[in-house]
$ cat structure.pdb   # PDB, C-alpha atoms
ATOM      1  CA  MET A   1      -2.558 -48.490   0.015  1.00  0.00           C
ATOM      2  CA  LEU A   2       0.451 -48.171  -2.259  1.00  0.00           C
ATOM      3  CA  ARG A   3       3.757 -49.282  -0.741  1.00  0.00           C
ATOM      4  CA  THR A   4       7.036 -48.173  -2.300  1.00  0.00           C
ATOM      5  CA  THR A   5      10.670 -48.157  -1.179  1.00  0.00           C
ATOM      6  CA  GLY A   6      10.228 -44.455  -0.327  1.00  0.00           C
ATOM      7  CA  GLY A   7       7.195 -44.978   1.955  1.00  0.00           C
ATOM      8  CA  PHE A   8       3.481 -45.494   1.352  1.00  0.00           C
ATOM      9  CA  TRP A   9       0.573 -43.595  -0.174  1.00  0.00           C
ATOM     10  CA  ASP A  10      -2.898 -43.884   1.249  1.00  0.00           C
ATOM     11  CA  PRO A  11      -5.586 -41.589  -0.168  1.00  0.00           C
ATOM     12  CA  VAL A  12      -7.875 -42.141   2.863  1.00  0.00           C
ATOM     13  CA  LEU A  13      -5.151 -40.977   5.275  1.00  0.00           C
ATOM     14  CA  TRP A  14      -4.487 -37.992   3.013  1.00  0.00           C
ATOM     15  CA  ILE A  15      -8.180 -36.998   3.013  1.00  0.00           C
ATOM     16  CA  ILE A  16      -8.342 -37.355   6.828  1.00  0.00           C
ATOM     17  CA  ALA A  17      -5.208 -35.163   7.181  1.00  0.00           C
ATOM     18  CA  PHE A  18      -6.725 -32.593   4.824  1.00  0.00           C
ATOM     19  CA  ILE A  19      -9.984 -32.451   6.817  1.00  0.00           C
ATOM     20  CA  VAL A  20      -8.131 -32.135  10.157  1.00  0.00           C
ATOM     21  CA  ILE A  21      -5.930 -29.291   8.788  1.00  0.00           C
ATOM     22  CA  ALA A  22      -9.014 -27.552   7.305  1.00  0.00           C
ATOM     23  CA  ILE A  23     -10.806 -27.716  10.687  1.00  0.00           C
ATOM     24  CA  ILE A  24      -7.738 -26.292  12.496  1.00  0.00           C
ATOM     25  CA  ALA A  25      -7.481 -23.500   9.880  1.00  0.00           C
ATOM     26  CA  TYR A  26     -11.199 -22.706  10.321  1.00  0.00           C
ATOM     27  CA  ILE A  27     -10.818 -22.536  14.109  1.00  0.00           C
ATOM     28  CA  ILE A  28      -7.815 -20.163  13.778  1.00  0.00           C
ATOM     29  CA  ARG A  29      -9.834 -18.068  11.329  1.00  0.00           C
ATOM     30  CA  GLY A  30     -12.577 -17.814  13.961  1.00  0.00           C
ATOM     31  CA  PHE A  31     -10.161 -15.956  16.263  1.00  0.00           C
ATOM     32  CA  GLY A  32     -10.003 -13.114  13.705  1.00  0.00           C
ATOM     33  CA  ARG A  33     -11.728  -9.803  14.312  1.00  0.00           C
ATOM     34  CA  LYS A  34     -15.356  -9.708  13.273  1.00  0.00           C
ATOM     35  CA  ASP A  35     -15.319  -5.936  12.750  1.00  0.00           C
ATOM     36  CA  TYR A  36     -12.749  -6.118   9.950  1.00  0.00           C
ATOM     37  CA  LYS A  37     -14.002  -3.939   7.111  1.00  0.00           C
ATOM     38  CA  LYS A  38     -13.724  -5.004   3.525  1.00  0.00           C
ATOM     39  CA  GLY A  39     -13.185  -2.318   0.882  1.00  0.00           C
ATOM     40  CA  GLU A  40     -10.275   0.073   1.451  1.00  0.00           C
ATOM     41  CA  GLN A  41      -8.787  -2.086   4.238  1.00  0.00           C
ATOM     42  CA  ALA A  42      -8.569  -5.098   1.965  1.00  0.00           C
ATOM     43  CA  LYS A  43      -6.652  -3.230  -0.724  1.00  0.00           C
ATOM     44  CA  PRO A  44      -2.845  -3.349  -0.860  1.00  0.00           C
ATOM     45  CA  TYR A  45      -0.926  -0.527   0.789  1.00  0.00           C
ATOM     46  CA  LEU A  46       0.969   1.473  -1.849  1.00  0.00           C
ATOM     47  CA  SER A  47       2.323   4.395   0.221  1.00  0.00           C
ATOM     48  CA  GLY A  48      -1.194   5.818   0.373  1.00  0.00           C
ATOM     49  CA  ILE A  49      -1.478   6.041  -3.398  1.00  0.00           C
ATOM     50  CA  GLU A  50      -4.646   4.716  -4.988  1.00  0.00           C
ATOM     51  CA  GLU A  51      -4.266   1.236  -6.410  1.00  0.00           C
ATOM     52  CA  PRO A  52      -4.035   1.482 -10.202  1.00  0.00           C
ATOM     53  CA  SER A  53      -6.309  -0.718 -12.308  1.00  0.00           C
ATOM     54  CA  LYS A  54      -4.931  -4.096 -13.380  1.00  0.00           C
ATOM     55  CA  GLU A  55      -5.034  -2.982 -17.040  1.00  0.00           C
ATOM     56  CA  GLU A  56      -2.761  -0.020 -16.260  1.00  0.00           C
ATOM     57  CA  VAL A  57      -0.056  -2.089 -14.581  1.00  0.00           C
ATOM     58  CA  TYR A  58      -0.385  -5.186 -16.758  1.00  0.00           C
ATOM     59  CA  VAL A  59       2.886  -6.114 -18.454  1.00  0.00           C
ATOM     60  CA  LYS A  60       2.131  -7.424 -21.901  1.00  0.00           C
ATOM     61  CA  ALA A  61       4.113 -10.228 -23.536  1.00  0.00           C
ATOM     62  CA  GLY A  62       5.220  -7.727 -26.211  1.00  0.00           C
ATOM     63  CA  ASN A  63       7.251  -5.926 -23.529  1.00  0.00           C
ATOM     64  CA  ILE A  64       9.993  -8.556 -23.845  1.00  0.00           C
ATOM     65  CA  TYR A  65      10.774  -6.995 -27.256  1.00  0.00           C
ATOM     66  CA  TRP A  66      11.171  -3.551 -25.681  1.00  0.00           C
ATOM     67  CA  GLY A  67      14.904  -3.220 -26.479  1.00  0.00           C
ATOM     68  CA  PHE A  68      14.384  -4.399 -30.041  1.00  0.00           C
ATOM     69  CA  ILE A  69      11.519  -1.943 -30.630  1.00  0.00           C
ATOM     70  CA  GLU A  70      13.447   0.895 -28.941  1.00  0.00           C
ATOM     71  CA  ALA A  71      16.511   0.259 -31.150  1.00  0.00           C
ATOM     72  CA  LEU A  72      14.363   0.374 -34.321  1.00  0.00           C
ATOM     73  CA  ARG A  73      12.038   3.132 -33.108  1.00  0.00           C
ATOM     74  CA  GLY A  74      12.114   5.089 -36.395  1.00  0.00           C
ATOM     75  CA  TYR A  75      11.059   2.032 -38.375  1.00  0.00           C
ATOM     76  CA  TYR A  76       8.443   0.950 -35.828  1.00  0.00           C
ATOM     77  CA  ASP A  77       6.898   4.430 -35.517  1.00  0.00           C
ATOM     78  CA  ALA A  78       6.300   4.496 -39.271  1.00  0.00           C
ATOM     79  CA  MET A  79       4.994   0.914 -39.333  1.00  0.00           C
ATOM     80  CA  MET A  80       2.693   1.411 -36.358  1.00  0.00           C
ATOM     81  CA  LYS A  81       1.103   4.470 -37.969  1.00  0.00           C
ATOM     82  CA  ILE A  82       0.257   2.341 -41.027  1.00  0.00           C
ATOM     83  CA  HIS A  83      -1.244  -0.439 -38.871  1.00  0.00           C
ATOM     84  CA  THR A  84      -4.510   1.218 -37.905  1.00  0.00           C
ATOM     85  CA  GLY A  85      -6.427  -2.028 -37.314  1.00  0.00           C
ATOM     86  CA  ILE A  86      -9.120  -0.961 -39.834  1.00  0.00           C
ATOM     87  CA  ILE A  87      -9.673  -3.535 -42.588  1.00  0.00           C
ATOM     88  CA  ASN A  88     -10.519  -0.816 -45.151  1.00  0.00           C
ATOM     89  CA  ASP A  89      -7.005   0.650 -44.729  1.00  0.00           C
ATOM     90  CA  TYR A  90      -5.362  -2.747 -45.246  1.00  0.00           C
ATOM     91  CA  VAL A  91      -7.456  -3.425 -48.376  1.00  0.00           C
ATOM     92  CA  ALA A  92      -6.597   0.069 -49.647  1.00  0.00           C
ATOM     93  CA  TRP A  93      -2.880  -0.686 -49.128  1.00  0.00           C
ATOM     94  CA  PHE A  94      -3.283  -4.058 -50.877  1.00  0.00           C
ATOM     95  CA  VAL A  95      -5.057  -2.476 -53.875  1.00  0.00           C
ATOM     96  CA  GLY A  96      -2.530   0.378 -54.044  1.00  0.00           C
ATOM     97  CA  ILE A  97       0.519  -1.920 -53.933  1.00  0.00           C
ATOM     98  CA  THR A  98      -1.090  -4.259 -56.533  1.00  0.00           C
ATOM     99  CA  VAL A  99      -1.667  -1.300 -58.897  1.00  0.00           C
ATOM    100  CA  ILE A 100       1.951  -0.146 -58.444  1.00  0.00           C
ATOM    101  CA  LEU A 101       3.217  -3.727 -59.111  1.00  0.00           C
ATOM    102  CA  PHE A 102       1.072  -4.028 -62.265  1.00  0.00           C
ATOM    103  CA  ILE A 103       2.329  -0.672 -63.536  1.00  0.00           C
ATOM    104  CA  ALA A 104       5.950  -1.696 -62.762  1.00  0.00           C
ATOM    105  CA  ILE A 105       5.521  -5.075 -64.536  1.00  0.00           C
ATOM    106  CA  PHE A 106       3.811  -3.364 -67.487  1.00  0.00           C
ATOM    107  CA  LEU A 107       6.618  -0.811 -67.788  1.00  0.00           C
ATOM    108  CA  VAL A 108       9.312  -3.531 -67.621  1.00  0.00           C
ATOM    109  CA  GLU A 109       7.534  -5.476 -70.393  1.00  0.00           C
ATOM    110  CA  VAL A 110       7.121  -2.390 -72.621  1.00  0.00           C
ATOM    111  CA  ILE A 111      10.644  -1.084 -72.108  1.00  0.00           C
TER     112      ILE A 111
ATOM    113  CA  MET B   1      -2.631 -14.232  28.887  1.00  0.00           C
ATOM    114  CA  ILE B   2      -1.218 -14.305  25.347  1.00  0.00           C
ATOM    115  CA  SER B   3      -4.059 -12.160  23.963  1.00  0.00           C
ATOM    116  CA  LYS B   4      -3.589  -9.691  26.843  1.00  0.00           C
ATOM    117  CA  ALA B   5       0.108  -9.410  26.020  1.00  0.00           C
ATOM    118  CA  PHE B   6      -0.685  -8.826  22.356  1.00  0.00           C
ATOM    119  CA  LYS B   7      -3.131  -6.031  23.220  1.00  0.00           C
ATOM    120  CA  ARG B   8      -0.386  -4.204  25.089  1.00  0.00           C
ATOM    121  CA  ALA B   9       2.084  -4.576  22.229  1.00  0.00           C
ATOM    122  CA  LEU B  10       0.979  -1.671  20.078  1.00  0.00           C
ATOM    123  CA  TRP B  11       2.213  -1.545  16.519  1.00  0.00           C
ATOM    124  CA  VAL B  12       2.699   1.928  15.133  1.00  0.00           C
ATOM    125  CA  PHE B  13       2.615   3.053  11.541  1.00  0.00           C
ATOM    126  CA  HIS B  14       4.445   6.303  10.953  1.00  0.00           C
ATOM    127  CA  VAL B  15       3.192   8.759   8.320  1.00  0.00           C
ATOM    128  CA  ASN B  16       5.252  11.794   7.373  1.00  0.00           C
ATOM    129  CA  SER B  17       2.648  14.225   6.093  1.00  0.00           C
ATOM    130  CA  GLY B  18       5.020  17.132   5.447  1.00  0.00           C
ATOM    131  CA  SER B  19       7.367  17.027   8.422  1.00  0.00           C
ATOM    132  CA  CYS B  20      10.845  18.592   8.474  1.00  0.00           C
ATOM    133  CA  ASN B  21      12.143  15.199   9.751  1.00  0.00           C
ATOM    134  CA  GLY B  22      12.778  16.536  13.264  1.00  0.00           C
ATOM    135  CA  CYS B  23       9.869  14.539  14.751  1.00  0.00           C
ATOM    136  CA  ASP B  24      10.718  11.537  12.562  1.00  0.00           C
ATOM    137  CA  ILE B  25      14.216  11.436  14.040  1.00  0.00           C
ATOM    138  CA  GLU B  26      12.735  11.517  17.550  1.00  0.00           C
ATOM    139  CA  ILE B  27      10.384   8.629  16.698  1.00  0.00           C
ATOM    140  CA  ILE B  28      13.398   6.631  15.524  1.00  0.00           C
ATOM    141  CA  ALA B  29      15.258   7.712  18.675  1.00  0.00           C
ATOM    142  CA  ALA B  30      12.434   6.178  20.750  1.00  0.00           C
ATOM    143  CA  LEU B  31      13.316   2.832  19.178  1.00  0.00           C
ATOM    144  CA  THR B  32      17.078   3.078  19.788  1.00  0.00           C
ATOM    145  CA  PRO B  33      18.691   1.136  22.692  1.00  0.00           C
ATOM    146  CA  ARG B  34      18.640   4.258  24.909  1.00  0.00           C
ATOM    147  CA  TYR B  35      14.814   4.332  25.067  1.00  0.00           C
ATOM    148  CA  ASP B  36      14.105   0.897  23.592  1.00  0.00           C
ATOM    149  CA  ALA B  37      10.337   1.145  23.028  1.00  0.00           C
ATOM    150  CA  GLU B  38      10.368  -2.350  21.555  1.00  0.00           C
ATOM    151  CA  ARG B  39      10.800  -3.870  25.014  1.00  0.00           C
ATOM    152  CA  PHE B  40       7.150  -2.867  25.576  1.00  0.00           C
ATOM    153  CA  GLY B  41       6.140  -4.406  22.258  1.00  0.00           C
ATOM    154  CA  ILE B  42       5.850  -0.951  20.641  1.00  0.00           C
ATOM    155  CA  LYS B  43       7.330  -1.109  17.191  1.00  0.00           C
ATOM    156  CA  LEU B  44       7.058   0.508  13.793  1.00  0.00           C
ATOM    157  CA  VAL B  45       5.397  -1.528  11.079  1.00  0.00           C
ATOM    158  CA  GLY B  46       5.615  -1.195   7.309  1.00  0.00           C
ATOM    159  CA  SER B  47       1.893  -1.188   6.533  1.00  0.00           C
ATOM    160  CA  PRO B  48      -1.127   0.545   8.104  1.00  0.00           C
ATOM    161  CA  ARG B  49      -2.979  -2.761   7.750  1.00  0.00           C
ATOM    162  CA  HIS B  50      -0.834  -4.149  10.587  1.00  0.00           C
ATOM    163  CA  ALA B  51      -1.053  -1.075  12.817  1.00  0.00           C
ATOM    164  CA  ASP B  52      -2.966  -0.154  15.995  1.00  0.00           C
ATOM    165  CA  VAL B  53      -1.663   3.417  16.076  1.00  0.00           C
ATOM    166  CA  LEU B  54      -1.047   5.899  13.279  1.00  0.00           C
ATOM    167  CA  ALA B  55       1.704   8.401  14.119  1.00  0.00           C
ATOM    168  CA  PHE B  56       1.420  11.544  12.021  1.00  0.00           C
ATOM    169  CA  THR B  57       4.310  14.006  11.868  1.00  0.00           C
ATOM    170  CA  GLY B  58       4.223  17.355  10.117  1.00  0.00           C
ATOM    171  CA  PRO B  59       1.398  19.621   9.021  1.00  0.00           C
ATOM    172  CA  ILE B  60      -0.730  17.929   6.395  1.00  0.00           C
ATOM    173  CA  THR B  61       0.045  19.390   2.993  1.00  0.00           C
ATOM    174  CA  LYS B  62      -2.502  19.512   0.160  1.00  0.00           C
ATOM    175  CA  ASP B  63      -0.670  16.728  -1.687  1.00  0.00           C
ATOM    176  CA  MET B  64      -0.947  14.429   1.337  1.00  0.00           C
ATOM    177  CA  VAL B  65      -4.672  14.816   2.037  1.00  0.00           C
ATOM    178  CA  ASP B  66      -5.922  11.898  -0.079  1.00  0.00           C
ATOM    179  CA  LYS B  67      -3.024   9.710   1.076  1.00  0.00           C
ATOM    180  CA  VAL B  68      -3.708  10.483   4.740  1.00  0.00           C
ATOM    181  CA  LYS B  69      -7.413   9.624   4.297  1.00  0.00           C
ATOM    182  CA  ARG B  70      -6.585   6.385   2.491  1.00  0.00           C
ATOM    183  CA  ILE B  71      -4.002   5.326   5.094  1.00  0.00           C
ATOM    184  CA  TYR B  72      -6.509   6.036   7.882  1.00  0.00           C
ATOM    185  CA  GLU B  73      -9.154   3.936   6.132  1.00  0.00           C
ATOM    186  CA  GLN B  74      -6.666   1.116   5.589  1.00  0.00           C
ATOM    187  CA  THR B  75      -5.895   0.852   9.309  1.00  0.00           C
ATOM    188  CA  PRO B  76      -8.064  -1.727  11.086  1.00  0.00           C
ATOM    189  CA  ASP B  77     -10.373  -0.657  13.925  1.00  0.00           C
ATOM    190  CA  PRO B  78      -9.990   0.115  16.775  1.00  0.00           C
ATOM    191  CA  LYS B  79      -7.258   2.642  16.015  1.00  0.00           C
ATOM    192  CA  VAL B  80      -5.738   5.769  17.472  1.00  0.00           C
ATOM    193  CA  VAL B  81      -4.024   8.667  15.758  1.00  0.00           C
ATOM    194  CA  LEU B  82      -0.877   9.902  17.479  1.00  0.00           C
ATOM    195  CA  VAL B  83      -0.342  13.524  16.448  1.00  0.00           C
ATOM    196  CA  VAL B  84       3.388  14.082  16.961  1.00  0.00           C
ATOM    197  CA  GLY B  85       4.888  17.567  17.121  1.00  0.00           C
ATOM    198  CA  ALA B  86       3.800  21.179  16.964  1.00  0.00           C
ATOM    199  CA  CYS B  87       3.339  21.141  13.182  1.00  0.00           C
ATOM    200  CA  ALA B  88       0.991  18.159  13.232  1.00  0.00           C
ATOM    201  CA  ILE B  89      -1.013  19.671  16.092  1.00  0.00           C
ATOM    202  CA  GLY B  90      -1.479  23.197  14.790  1.00  0.00           C
ATOM    203  CA  GLY B  91       0.757  23.818  11.799  1.00  0.00           C
ATOM    204  CA  GLY B  92       3.699  25.068  13.874  1.00  0.00           C
ATOM    205  CA  VAL B  93       5.912  27.452  11.934  1.00  0.00           C
ATOM    206  CA  PHE B  94       3.858  26.647   8.811  1.00  0.00           C
ATOM    207  CA  HIS B  95       0.621  27.851  10.448  1.00  0.00           C
ATOM    208  CA  GLU B  96      -1.811  29.304   7.867  1.00  0.00           C
ATOM    209  CA  SER B  97       0.537  28.463   5.011  1.00  0.00           C
ATOM    210  CA  TYR B  98      -1.079  28.436   1.566  1.00  0.00           C
ATOM    211  CA  HIS B  99      -0.287  24.763   0.991  1.00  0.00           C
ATOM    212  CA  LEU B 100      -1.638  23.267   4.217  1.00  0.00           C
ATOM    213  CA  GLU B 101      -4.875  21.382   4.764  1.00  0.00           C
ATOM    214  CA  GLY B 102      -4.122  20.232   8.320  1.00  0.00           C
ATOM    215  CA  PRO B 103      -4.475  19.730  11.198  1.00  0.00           C
ATOM    216  CA  ILE B 104      -5.719  16.158  11.117  1.00  0.00           C
ATOM    217  CA  GLU B 105      -9.146  16.912  12.699  1.00  0.00           C
ATOM    218  CA  ARG B 106     -10.081  18.867   9.593  1.00  0.00           C
ATOM    219  CA  ILE B 107      -9.307  15.930   7.327  1.00  0.00           C
ATOM    220  CA  ILE B 108     -10.531  13.055   9.515  1.00  0.00           C
ATOM    221  CA  PRO B 109     -13.051  14.584  11.951  1.00  0.00           C
ATOM    222  CA  ASP B 110     -13.964  11.265  13.619  1.00  0.00           C
ATOM    223  CA  ALA B 111     -10.358  10.250  14.391  1.00  0.00           C
ATOM    224  CA  LYS B 112      -9.433   9.650  18.020  1.00  0.00           C
ATOM    225  CA  CYS B 113      -6.336  11.824  18.406  1.00  0.00           C
ATOM    226  CA  ILE B 114      -3.645  11.852  21.062  1.00  0.00           C
ATOM    227  CA  TYR B 115      -1.406  14.901  20.960  1.00  0.00           C
ATOM    228  CA  VAL B 116       2.324  14.901  21.677  1.00  0.00           C
ATOM    229  CA  PRO B 117       3.464  18.538  21.688  1.00  0.00           C
ATOM    230  CA  GLY B 118       7.026  19.718  21.131  1.00  0.00           C
ATOM    231  CA  CYS B 119       9.309  20.893  18.377  1.00  0.00           C
ATOM    232  CA  PRO B 120      10.376  18.149  18.234  1.00  0.00           C
ATOM    233  CA  PRO B 121       8.912  16.203  21.164  1.00  0.00           C
ATOM    234  CA  ARG B 122      11.327  14.104  23.206  1.00  0.00           C
ATOM    235  CA  PRO B 123      11.264  10.301  22.730  1.00  0.00           C
ATOM    236  CA  GLU B 124       9.903   9.903  26.291  1.00  0.00           C
ATOM    237  CA  ALA B 125       6.921  12.061  25.311  1.00  0.00           C
ATOM    238  CA  ILE B 126       6.292   9.961  22.200  1.00  0.00           C
ATOM    239  CA  ILE B 127       6.434   6.747  24.258  1.00  0.00           C
ATOM    240  CA  GLN B 128       4.010   8.324  26.752  1.00  0.00           C
ATOM    241  CA  GLY B 129       1.708   9.177  23.827  1.00  0.00           C
ATOM    242  CA  VAL B 130       1.716   5.542  22.719  1.00  0.00           C
ATOM    243  CA  ALA B 131       1.015   4.485  26.317  1.00  0.00           C
ATOM    244  CA  LYS B 132      -2.011   6.849  26.325  1.00  0.00           C
ATOM    245  CA  ALA B 133      -3.146   5.248  23.067  1.00  0.00           C
ATOM    246  CA  TRP B 134      -2.861   1.834  24.718  1.00  0.00           C
ATOM    247  CA  GLU B 135      -4.992   3.059  27.664  1.00  0.00           C
ATOM    248  CA  TYR B 136      -7.641   4.319  25.253  1.00  0.00           C
ATOM    249  CA  LEU B 137      -7.676   1.089  23.223  1.00  0.00           C
ATOM    250  CA  GLU B 138      -7.979  -0.913  26.443  1.00  0.00           C
ATOM    251  CA  GLU B 139     -11.054   1.151  27.392  1.00  0.00           C
ATOM    252  CA  VAL B 140     -12.538   0.507  23.950  1.00  0.00           C
ATOM    253  CA  GLU B 141     -11.904  -3.239  24.358  1.00  0.00           C
ATOM    254  CA  LYS B 142     -13.710  -3.241  27.742  1.00  0.00           C
ATOM    255  CA  LYS B 143     -16.783  -1.614  26.174  1.00  0.00           C
TER     256      LYS B 143
END

$ encode --input "structure.pdb" --output "structure tokens"
Amino acid sequence: MLRTTGGFWDPVLWIIAFIVIAIIAYIIRGFGRKDYKKGEQAKPYLSGIEEPSKEEVYVKAGNIYWGFIEALRGYYDAMMKIHTGIINDYVAWFVGITVILFIAIFLVEVI
Amino acid sequence: MISKAFKRALWVFHVNSGSCNGCDIEIIAALTPRYDAERFGIKLVGSPRHADVLAFTGPITKDMVDKVKRIYEQTPDPKVVLVVGACAIGGGVFHESYHLEGPIERIIPDAKCIYVPGCPPRPEAIIQGVAKAWEYLEEVEKK
């Protein structure tokens, strides 16, 4: 038992309290209706509308930048089109930009 | 004694399935101090999951069919459907309209319905309907 100025802490007492509360909760649960159906009854009530999937209503962390993205929509629309997620496209961009840079450097040197 | 008192305190969930609001106003009137249905424990609840009785007002429009079915399924058994008003019972002035799917028996054939006629029905009639629902649920409990 740990005694402090604010009281005492006894893990055994805590475990006993937890068990007693769990038994009381189980007894109360036993009073519940046995014919309760799972399925539609267990779903949240949304004015009778079907519950959308979690993916549909999930708010991504990127949503905190909504105002920023909305303000620069023209820029972001163009950038998002470029970002296809396909590695071949990124490599193609890399090669293309490198060629343009080489040509620019070459022209600067010659001129 | 407590469980007996709870059984008599019916909780009602109100669904407007295309009503003109006439019946809805009368349901609200049944809860006002003049009629005071809450003294019997009859009250409106915000979710069908807490309800014993579903009160439908209005003919059931095509848009409301899936919602009506879902709300019925979400209500725990045993339950009673209170069909309030002429429109909910037989379509009323909207009878055979192109956009109706009602009455309720067509959509939920196995529902136990209690009919409260009128256009709109008086609050006393609605309270009597809920009392009939209570009588039915008491019979079900005995079985």

$ interface_residues --input "structure.pdb" --of "chain A" --to "chain B" --cutoff "10 Å" --atoms "only C-alpha atoms" --output "MDAnalysis selection string"
chainID A and resid 33 35:50

$ atom_distance --input "structure.pdb" --atom1 "atom CA of B:Arg39" --atom2 "atom CA of B:Leu54"
19.3 Å

$ resolve_selection --input "structure.pdb" --expression "the PyMOL selection byres ((chain B and resi 59) around 6)" --output "count of residues only"
7

$ atom_distance --input "structure.pdb" --atom1 "atom CA of B:Asn21" --atom2 "atom CA of B:Pro120"
9.2 Å

$ atom_distance --input "structure.pdb" --atom1 "atom CA of B:Ala51" --atom2 "atom CA of B:Gly92"
26.6 Å

$ resolve_selection --input "structure.pdb" --expression "the PyMOL selection byres ((chain B and resi 123) around 10)" --output "list in words"
Cys23, Ile25, Glu26, Ile27, Ile28, Ala29, Ala30, Leu31, Thr32, Arg34, Tyr35, Asp36, Ala37, Pro120, Pro121, Arg122, Glu124, Ala125, Ile126, Ile127, Gln128 and Gly129 of chain B

$ residues_around --input "structure.pdb" --residues "B:Val45" --least-positions-apart "4" --cutoff "10 Å" --atoms "only C-alpha atoms" --output "list in words"
Trp11, Val12, Phe13, His14, Arg49, His50, Ala51, Asp52 and Val53 of chain B

$ build_atoms --input "structure.pdb" --residues "stretch 52-63 of chain A" --atoms "N, CA and C atoms" --output "compact mmCIF listing (two decimals), in the coordinates of the input"
# COMPACT_ATOMS: atom_id res chain seq x y z
N PRO A 52 -3.68 1.34 -8.79
CA PRO A 52 -4.04 1.48 -10.20
C PRO A 52 -4.79 0.25 -10.69
N SER A 53 -5.55 0.42 -11.79
CA SER A 53 -6.31 -0.72 -12.31
C SER A 53 -5.34 -1.76 -12.87
N LYS A 54 -5.80 -2.99 -12.92
CA LYS A 54 -4.93 -4.10 -13.38
C LYS A 54 -4.48 -3.85 -14.82
N GLU A 55 -5.37 -3.24 -15.64
CA GLU A 55 -5.03 -2.98 -17.04
C GLU A 55 -3.86 -2.02 -17.14
N GLU A 56 -3.82 -1.04 -16.21
CA GLU A 56 -2.76 -0.02 -16.26
C GLU A 56 -1.39 -0.61 -15.96
N VAL A 57 -1.34 -1.55 -15.03
CA VAL A 57 -0.06 -2.09 -14.58
C VAL A 57 0.27 -3.45 -15.21
N TYR A 58 -0.58 -3.89 -16.13
CA TYR A 58 -0.38 -5.19 -16.76
C TYR A 58 0.81 -5.14 -17.72
N VAL A 59 1.72 -6.06 -17.56
CA VAL A 59 2.89 -6.11 -18.45
C VAL A 59 2.58 -7.10 -19.57
N LYS A 60 2.50 -6.57 -20.77
CA LYS A 60 2.13 -7.42 -21.90
C LYS A 60 3.33 -8.24 -22.36
N ALA A 61 3.04 -9.36 -23.05
CA ALA A 61 4.11 -10.23 -23.54
C ALA A 61 5.02 -9.48 -24.50
N GLY A 62 4.44 -8.52 -25.25
CA GLY A 62 5.22 -7.73 -26.21
C GLY A 62 6.33 -6.91 -25.54
N ASN A 63 6.24 -6.71 -24.23
CA ASN A 63 7.25 -5.93 -23.53
C ASN A 63 8.63 -6.58 -23.55
